[in-house]
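Have a look at start07.tsv below; it lists TSV, C-alpha atoms (C1' of nucleotides).
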```tsv
chain	number	residue	atom	x	y	z
U	29	MET	CA	3.72	97.06	-120.67
U	30	PRO	CA	0.28	98.05	-119.35
U	31	HIS	CA	-0.55	97.63	-115.68
U	32	PRO	CA	-4.06	98.26	-114.34
U	33	ASN	CA	-4.51	100.85	-111.60
U	34	THR	CA	-5.37	99.45	-108.22
U	35	ASP	CA	-9.02	100.36	-108.57
U	36	GLN	CA	-9.18	98.70	-111.97
U	37	ILE	CA	-8.23	95.30	-110.59
U	38	SER	CA	-11.17	92.96	-111.06
U	39	LEU	CA	-11.93	90.09	-108.71
U	40	PRO	CA	-13.12	87.56	-111.31
U	41	VAL	CA	-10.10	88.37	-113.45
U	42	VAL	CA	-7.71	87.89	-110.51
U	43	LEU	CA	-9.37	84.62	-109.51
U	44	GLY	CA	-9.41	83.39	-113.08
U	45	VAL	CA	-5.74	84.19	-113.51
U	46	LEU	CA	-4.84	82.42	-110.26
U	47	GLY	CA	-6.87	79.41	-111.35
U	48	ASP	CA	-4.00	78.14	-113.46
U	49	PRO	CA	-1.43	75.87	-111.79
U	50	THR	CA	1.54	77.50	-113.50
U	51	ARG	CA	0.50	81.00	-112.51
U	52	LEU	CA	-0.38	79.93	-109.00
U	53	ALA	CA	3.09	78.42	-108.66
U	54	ILE	CA	4.64	81.65	-109.90
U	55	VAL	CA	2.69	83.70	-107.38
U	56	ARG	CA	3.55	81.32	-104.61
U	57	TYR	CA	7.22	81.49	-105.51
U	58	LEU	CA	7.14	85.28	-105.65
U	59	ALA	CA	5.44	85.39	-102.25
U	60	SER	CA	8.11	83.11	-100.79
U	61	LYS	CA	10.73	85.67	-101.84
U	62	GLN	CA	9.10	88.37	-99.73
U	63	GLY	CA	9.10	91.23	-102.19
U	64	VAL	CA	12.52	90.65	-103.71
U	65	PRO	CA	12.15	91.28	-107.46
U	66	LEU	CA	12.82	88.29	-109.70
U	67	ASN	CA	13.57	88.32	-113.37
U	68	CYS	CA	11.73	86.02	-115.75
U	69	SER	CA	14.56	83.53	-116.04
U	70	GLN	CA	14.16	82.62	-112.39
U	71	PHE	CA	10.81	81.05	-113.23
U	72	LEU	CA	12.15	78.74	-115.91
U	73	ASP	CA	11.36	75.77	-113.69
U	74	PHE	CA	7.69	76.45	-114.31
U	75	GLY	CA	7.74	76.49	-118.09
U	76	SER	CA	9.52	77.50	-121.27
U	77	LYS	CA	10.64	81.06	-121.88
U	78	THR	CA	7.80	81.68	-124.31
U	79	ASN	CA	5.24	80.15	-122.04
U	80	LEU	CA	6.44	82.20	-119.09
U	81	SER	CA	6.18	85.35	-121.13
U	82	TYR	CA	2.54	84.44	-121.72
U	83	HIS	CA	1.72	83.63	-118.09
U	84	LEU	CA	3.63	86.61	-116.69
U	85	ALA	CA	1.72	88.88	-119.06
U	86	LYS	CA	-1.57	87.45	-117.77
U	87	LEU	CA	-0.54	88.06	-114.19
U	88	ARG	CA	0.59	91.59	-115.00
U	89	GLU	CA	-2.55	92.48	-116.95
U	90	ALA	CA	-4.71	91.20	-114.12
U	91	GLY	CA	-2.86	93.44	-111.68
U	92	VAL	CA	-1.33	90.61	-109.69
U	93	THR	CA	2.27	91.39	-110.53
U	94	ARG	CA	4.29	94.40	-111.56
U	95	ALA	CA	7.04	94.25	-114.17
U	96	GLU	CA	9.78	96.83	-114.24
U	97	VAL	CA	12.33	97.10	-117.03
U	98	VAL	CA	15.88	97.18	-115.72
U	99	GLY	CA	18.38	97.02	-118.53
U	100	THR	CA	17.65	93.85	-120.43
U	101	ASN	CA	15.76	92.35	-117.50
U	102	ARG	CA	12.16	92.66	-116.44
U	103	MET	CA	11.99	92.50	-112.70
U	104	ILE	CA	8.77	90.98	-111.41
U	105	THR	CA	7.18	91.71	-108.04
U	106	LEU	CA	3.87	90.82	-106.43
U	107	ARG	CA	1.50	93.79	-106.09
U	108	ARG	CA	0.90	92.86	-102.49
U	109	ALA	CA	-0.05	96.28	-101.12
U	110	ASP	CA	-2.36	97.01	-104.05
U	111	LEU	CA	-4.10	93.65	-103.78
U	112	ASP	CA	-4.42	93.98	-100.01
U	113	ALA	CA	-5.92	97.43	-100.42
U	114	ARG	CA	-8.42	96.25	-102.99
U	115	PHE	CA	-9.25	92.78	-101.62
U	116	PRO	CA	-8.10	92.56	-97.99
U	117	GLY	CA	-6.88	89.14	-96.94
U	118	LEU	CA	-7.45	87.55	-100.31
U	119	LEU	CA	-3.86	87.15	-101.41
U	120	ASP	CA	-2.78	85.88	-98.00
U	121	SER	CA	-5.45	83.21	-97.90
U	122	VAL	CA	-4.68	82.12	-101.46
U	123	ILE	CA	-0.99	81.82	-100.68
U	124	ALA	CA	-1.70	79.99	-97.45
U	125	ALA	CA	-4.10	77.68	-99.29
U	126	ALA	CA	-1.47	77.00	-101.94
U	127	GLY	CA	0.78	75.76	-99.18
U	128	ALA	CA	-1.84	73.15	-98.28
U	129	GLU	CA	-1.70	71.71	-101.78
U	130	PRO	CA	0.82	69.77	-103.84
U	131	ALA	CA	2.79	72.37	-105.76
U	132	LEU	CA	3.19	72.30	-109.50
U	133	PRO	CA	6.06	69.90	-110.21
U	134	ALA	CA	9.03	71.76	-111.64
U	135	VAL	CA	10.13	70.85	-115.14
U	136	GLY	CA	13.35	69.18	-114.07
U	137	GLY	CA	11.51	67.02	-111.60
U	138	HIS	CA	13.41	68.61	-108.72
U	139	ASP	CA	11.48	70.62	-106.15
U	140	LEU	CA	11.84	74.30	-105.51
U	141	GLU	CA	12.32	75.40	-101.93
U	142	ILE	CA	9.17	77.25	-101.01
U	143	PRO	CA	8.97	77.74	-97.26
U	144	ALA	CA	5.59	77.04	-95.71
I	16	MET	CA	-24.39	63.96	-109.11
I	17	PRO	CA	-20.74	63.60	-108.09
I	18	HIS	CA	-19.29	65.74	-105.31
I	19	PRO	CA	-15.57	65.67	-104.48
I	20	ASN	CA	-14.55	64.78	-100.94
I	21	THR	CA	-13.16	67.64	-98.91
I	22	ASP	CA	-9.60	66.50	-99.39
I	23	GLN	CA	-10.11	66.23	-103.14
I	24	ILE	CA	-10.96	69.91	-103.49
I	25	SER	CA	-8.24	71.57	-105.58
I	26	LEU	CA	-7.22	75.17	-105.14
I	27	PRO	CA	-6.61	76.00	-108.81
I	28	VAL	CA	-9.93	74.40	-109.70
I	29	VAL	CA	-11.78	76.38	-107.04
I	30	LEU	CA	-10.11	79.63	-108.09
I	31	GLY	CA	-10.78	78.93	-111.74
I	32	VAL	CA	-14.41	78.20	-111.06
I	33	LEU	CA	-14.80	81.39	-109.02
I	34	GLY	CA	-13.13	83.35	-111.79
I	35	ASP	CA	-16.38	83.56	-113.72
I	36	PRO	CA	-18.72	86.49	-112.99
I	37	THR	CA	-21.87	84.37	-113.11
I	38	ARG	CA	-20.52	81.78	-110.70
I	39	LEU	CA	-19.09	84.41	-108.41
I	40	ALA	CA	-22.51	86.05	-108.27
I	41	ILE	CA	-24.11	82.69	-107.46
I	42	VAL	CA	-21.66	82.08	-104.63
I	43	ARG	CA	-22.13	85.58	-103.30
I	44	TYR	CA	-25.88	85.16	-103.36
I	45	LEU	CA	-25.66	81.80	-101.60
I	46	ALA	CA	-23.41	83.31	-98.95
I	47	SER	CA	-25.89	86.11	-98.38
I	48	LYS	CA	-28.54	83.51	-97.55
I	49	GLN	CA	-26.43	82.15	-94.71
I	50	GLY	CA	-26.74	78.45	-95.37
I	51	VAL	CA	-30.39	78.37	-96.37
I	52	PRO	CA	-30.65	75.94	-99.31
I	53	LEU	CA	-31.82	77.46	-102.58
I	54	ASN	CA	-33.19	75.66	-105.56
I	55	CYS	CA	-31.88	76.37	-109.04
I	56	SER	CA	-34.82	78.54	-110.04
I	57	GLN	CA	-33.83	81.10	-107.46
I	58	PHE	CA	-30.76	81.88	-109.53
I	59	LEU	CA	-32.64	82.63	-112.72
I	60	ASP	CA	-31.62	86.26	-112.45
I	61	PHE	CA	-28.08	85.17	-113.23
I	62	GLY	CA	-28.77	83.26	-116.42
I	63	SER	CA	-31.02	80.92	-118.34
I	64	LYS	CA	-32.12	77.60	-116.91
I	65	THR	CA	-29.73	75.70	-119.15
I	66	ASN	CA	-26.86	78.02	-118.43
I	67	LEU	CA	-27.44	77.76	-114.68
I	68	SER	CA	-27.41	74.01	-114.90
I	69	TYR	CA	-23.99	74.30	-116.46
I	70	HIS	CA	-22.57	76.76	-113.94
I	71	LEU	CA	-24.07	74.98	-110.94
I	72	ALA	CA	-22.51	71.74	-112.15
I	73	LYS	CA	-19.12	73.45	-112.34
I	74	LEU	CA	-19.47	74.76	-108.80
I	75	ARG	CA	-20.56	71.37	-107.54
I	76	GLU	CA	-17.78	69.46	-109.30
I	77	ALA	CA	-15.21	71.89	-107.92
I	78	GLY	CA	-16.51	71.24	-104.41
I	79	VAL	CA	-17.78	74.77	-103.85
I	80	THR	CA	-21.45	73.84	-103.56
I	81	ARG	CA	-23.48	70.83	-102.59
I	82	ALA	CA	-26.64	69.80	-104.41
I	83	GLU	CA	-29.24	67.66	-102.71
I	84	VAL	CA	-32.22	66.19	-104.53
I	85	VAL	CA	-35.49	66.97	-102.77
I	86	GLY	CA	-38.44	65.88	-104.84
I	87	THR	CA	-38.19	67.62	-108.16
I	88	ASN	CA	-35.87	70.25	-106.73
I	89	ARG	CA	-32.13	70.31	-106.26
I	90	MET	CA	-31.34	72.30	-103.19
I	91	ILE	CA	-28.00	74.09	-103.39
I	92	THR	CA	-25.82	75.05	-100.45
I	93	LEU	CA	-22.33	76.46	-100.09
I	94	ARG	CA	-19.81	73.94	-98.73
I	95	ARG	CA	-18.64	76.51	-96.25
I	96	ALA	CA	-17.31	74.18	-93.55
I	97	ASP	CA	-15.52	71.98	-96.07
I	98	LEU	CA	-13.92	74.91	-97.81
I	99	ASP	CA	-12.92	76.49	-94.51
I	100	ALA	CA	-11.36	73.23	-93.41
I	101	ARG	CA	-9.41	72.86	-96.61
I	102	PHE	CA	-8.51	76.50	-97.31
I	103	PRO	CA	-9.02	78.55	-94.14
I	104	GLY	CA	-10.18	82.09	-94.73
I	105	LEU	CA	-10.28	81.77	-98.49
I	106	LEU	CA	-14.03	81.75	-98.99
I	107	ASP	CA	-14.55	84.59	-96.55
I	108	SER	CA	-12.03	86.82	-98.25
I	109	VAL	CA	-13.45	86.03	-101.68
I	110	ILE	CA	-16.97	86.86	-100.52
I	111	ALA	CA	-15.77	90.02	-98.80
I	112	ALA	CA	-13.85	90.98	-101.93
I	113	ALA	CA	-16.92	90.39	-104.08
I	114	GLY	CA	-18.72	92.95	-101.95
I	115	ALA	CA	-16.09	95.52	-102.94
I	116	GLU	CA	-16.91	95.04	-106.60
I	117	PRO	CA	-19.81	95.86	-108.89
I	118	ALA	CA	-21.99	92.75	-108.90
I	119	LEU	CA	-23.01	90.95	-112.04
I	120	PRO	CA	-26.05	92.83	-113.35
I	121	ALA	CA	-29.16	90.67	-113.10
I	122	VAL	CA	-30.92	89.72	-116.31
I	123	GLY	CA	-33.97	91.87	-115.70
I	124	GLY	CA	-31.79	94.88	-114.98
I	125	HIS	CA	-33.11	95.02	-111.41
I	126	ASP	CA	-30.68	94.47	-108.56
I	127	LEU	CA	-30.76	91.60	-106.12
I	128	GLU	CA	-30.54	92.42	-102.46
I	129	ILE	CA	-27.19	91.14	-101.29
I	130	PRO	CA	-26.30	92.57	-97.89
I	131	ALA	CA	-22.72	93.77	-97.49
W	12	DT	C1'	31.07	96.53	-134.00
W	13	DC	C1'	29.68	91.93	-133.00
W	14	DC	C1'	27.93	88.68	-130.01
W	15	DT	C1'	25.41	87.27	-126.12
W	16	DT	C1'	21.69	87.63	-122.92
W	17	DA	C1'	16.77	88.54	-121.82
W	18	DG	C1'	12.29	88.61	-123.30
W	19	DT	C1'	8.59	89.56	-126.59
W	20	DT	C1'	5.72	88.73	-130.69
W	21	DC	C1'	3.71	85.90	-134.17
W	22	DA	C1'	1.16	82.16	-136.20
W	23	DA	C1'	-0.55	77.77	-135.68
W	24	DA	C1'	-2.44	73.91	-133.37
W	25	DG	C1'	-5.41	71.73	-130.19
W	26	DG	C1'	-8.22	72.01	-126.21
W	27	DT	C1'	-11.48	73.96	-123.18
W	28	DT	C1'	-15.37	77.21	-121.95
W	29	DA	C1'	-19.70	79.65	-122.19
W	30	DT	C1'	-24.09	80.07	-124.23
W	31	DT	C1'	-28.18	78.66	-126.78
W	32	DG	C1'	-32.56	75.99	-127.98
W	33	DA	C1'	-34.60	71.60	-128.45
W	34	DA	C1'	-35.39	67.42	-126.53
W	35	DC	C1'	-35.43	64.64	-122.56
W	36	DA	C1'	-36.19	62.66	-117.60
W	37	DA	C1'	-38.28	62.63	-112.98
W	38	DT	C1'	-41.35	63.95	-109.54
W	39	DT	C1'	-45.53	65.91	-107.84
W	40	DG	C1'	-50.45	67.19	-107.85
W	41	DG	C1'	-55.11	67.01	-109.90
S	29	DC	C1'	-53.35	58.65	-115.87
S	30	DC	C1'	-52.29	63.44	-117.36
S	31	DA	C1'	-50.25	67.62	-116.96
S	32	DA	C1'	-47.27	70.90	-114.85
S	33	DT	C1'	-42.89	71.86	-112.63
S	34	DT	C1'	-37.78	71.28	-112.18
S	35	DG	C1'	-33.90	70.55	-113.93
S	36	DT	C1'	-30.58	67.79	-117.05
S	37	DT	C1'	-28.54	66.34	-121.47
S	38	DC	C1'	-27.33	67.02	-126.22
S	39	DA	C1'	-25.43	69.24	-130.33
S	40	DA	C1'	-23.81	73.25	-132.19
S	41	DT	C1'	-21.37	77.48	-132.22
S	42	DA	C1'	-18.22	81.02	-131.13
S	43	DA	C1'	-14.91	82.56	-128.25
S	44	DC	C1'	-11.04	82.04	-125.57
S	45	DC	C1'	-6.83	79.54	-123.46
S	46	DT	C1'	-2.46	77.09	-123.42
S	47	DT	C1'	1.54	75.56	-125.56
S	48	DT	C1'	4.95	75.40	-129.17
S	49	DG	C1'	9.01	77.00	-132.24
S	50	DA	C1'	10.71	80.47	-135.13
S	51	DA	C1'	11.63	85.06	-135.70
S	52	DC	C1'	12.32	89.27	-133.63
S	53	DT	C1'	13.86	93.50	-130.53
S	54	DA	C1'	16.65	95.78	-127.19
S	55	DA	C1'	20.39	96.38	-124.03
S	56	DG	C1'	25.13	95.19	-122.44
S	57	DG	C1'	29.78	93.52	-122.69
S	58	DA	C1'	34.14	92.11	-125.27
```
Target encoding structure tokens, full file:
Amino acid sequence: MPHPNTDQISLPVVLGVLGDPTRLAIVRYLASKQGVPLNCSQFLDFGSKTNLSYHLAKLREAGVTRAEVVGTNRMITLRRADLDARFPGLLDSVIAAAGAEPALPAVGGHDLEIPA
Amino acid sequence: MPHPNTDQISLPVVLGVLGDPTRLAIVRYLASKQGVPLNCSQFLDFGSKTNLSYHLAKLREAGVTRAEVVGTNRMITLRRADLDARFPGLLDSVIAAAGAEPALPAVGGHDLEIPA
DNA sequence: TCCTTAGTTCAAAGGTTATTGAACAATTGG
DNA sequence: CCAATTGTTCAATAACCTTTGAACTAAGGA
């Protein structure tokens, strides 16, 4: 499970990765949980298991998230401090901007509680 | 030449569009000119005429830039106020972040002067 | 040990993106 | 009118992205 170092995180790559509605929803959801690690299954509202594996890998490879293996789970966190160090203010303004937009509808049709 | 209204500007689309090194360089260059309109030819360092037409159309359709026909020229400006209204702080942090990164090398190999 | 849970990997399909050169349109200036 | 300048459109190509189901691996619990 490769993660880039902080100084290897590339702006176009980060922006490109966040330019997908599913991944943006994942990041927004992670941010709403304030650093509490989530396992992959908690994102099932955003897509199938296989599809999530794909999107979470993209986020990880771009340096946006960190995945840690804990038993049979992979716990996902936002790399907030690393992103803030590399691109100050960027993540905050993206997350704030995401709040000003209609979120990705969850698969079941029900909405996820994401505080503003 | 369609431009989206301010409230039609979509965050994933904007992020996706900025997630390309050529377009990010164009936006950075525009920002460095502080609102002075530039015609397409002034971006020739970033790509061929045809290729620029393509990238500038993407930026325009995403709502990042505005193109105004003046004689045989199309004058390009950043939609700074519109983007700030829709996604406060986003453009600034992206531009600041772009300054923390190696810029797209210009075609001739020479560097463009983009103030920090 | 056997089964379940949690995720990944693979291959395939279908769609989109970036880049190119050639041909085209529109405006200006001589 | 003619020619030069500016930029767009088109067709083609190659690369990449997203989504899917089936098969797989690895750890934990009964």
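You will find C1' of DA24 (chain W) at 8.6 Å from C1' of DT48 (chain S).
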Using all atoms listed in the file, what does the table of chain I residues within 9 Å of chain S look like, with each row giving the shortest atom pair and its distance in Å to one decimal, sorted by chain and ascending number, as CSV?
```
residue,atom,partner,partner_atom,distance
I:Cys55,CA,S:DG35,C1',7.9
I:Ser56,CA,S:DT34,C1',8.1
I:Lys64,CA,S:DG35,C1',7.9
I:Thr65,CA,S:DT36,C1',8.2
I:Ser68,CA,S:DT36,C1',7.3
I:Thr87,CA,S:DT34,C1',5.5
I:Asn88,CA,S:DT34,C1',5.9
I:Arg89,CA,S:DG35,C1',7.9
```
(message) Using only C-alpha atoms (C1' of nucleotides) and a distance of at most 12 Å, pull out the residues of chain I that contact chain W, as number ranges by chain.
(response) I: 31-32, 35-38, 62-70, 73, 84-89
(message) One decimal, in Å: what's the spacing between CA of Leu74 (chain I) and CA of Gly117 (chain U)?
(response)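 Taking CA of Leu74 (chain I) and CA of Gly117 (chain U), their separation equals 22.5 Å.
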(request) Pick out the closest residue to Pro103 (chain I) from this set: I:Leu26, I:Leu71, I:Gln57, I:Met90. Count all atoms listed in the file. (result) I:Leu26
(message) as a list in words, could you give me every residue of chain I near chain U (at most 9 Å apart, counting only C-alpha atoms)?
(response)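 So the residues of chain I near chain U are Ser25, Leu26, Pro27, Val28, Val29, Leu30, Gly31, Val32, Leu33, Gly34, Asp35, Pro36, Leu39, Arg101, Phe102, Pro103, Gly104, Leu105, Leu106, Asp107, Ser108, Val109, Ala111, Ala112, Ala113, Ala115 and Glu116 of chain I.
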(message) Report, in Å to a single decimal, how far apart CA of Asp60 (chain I) and CA of Arg94 (chain I) are.
(response)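 Those two atoms sit 21.9 Å apart.
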(request) Select, from U:Ala59, U:Leu111, U:Ala95, U:Ala131, the residue with the minimum atom-to-atom distance to Gln36 (chain U), counting all atoms listed in the file. (result)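 Distance minimum relative to Gln36 (chain U) lands on U:Leu111.
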Might I get the box with edges along x, y and z of the file that holds all atoms of region 83-98 of chain I listed there, padded by 6 Å on every side, given as centre and edge lengths in Å to one decimal, as JSON?
```
{"center_x": -26.2, "center_y": 71.2, "center_z": -100.9, "size_x": 36.5, "size_y": 22.6, "size_z": 26.6}
```
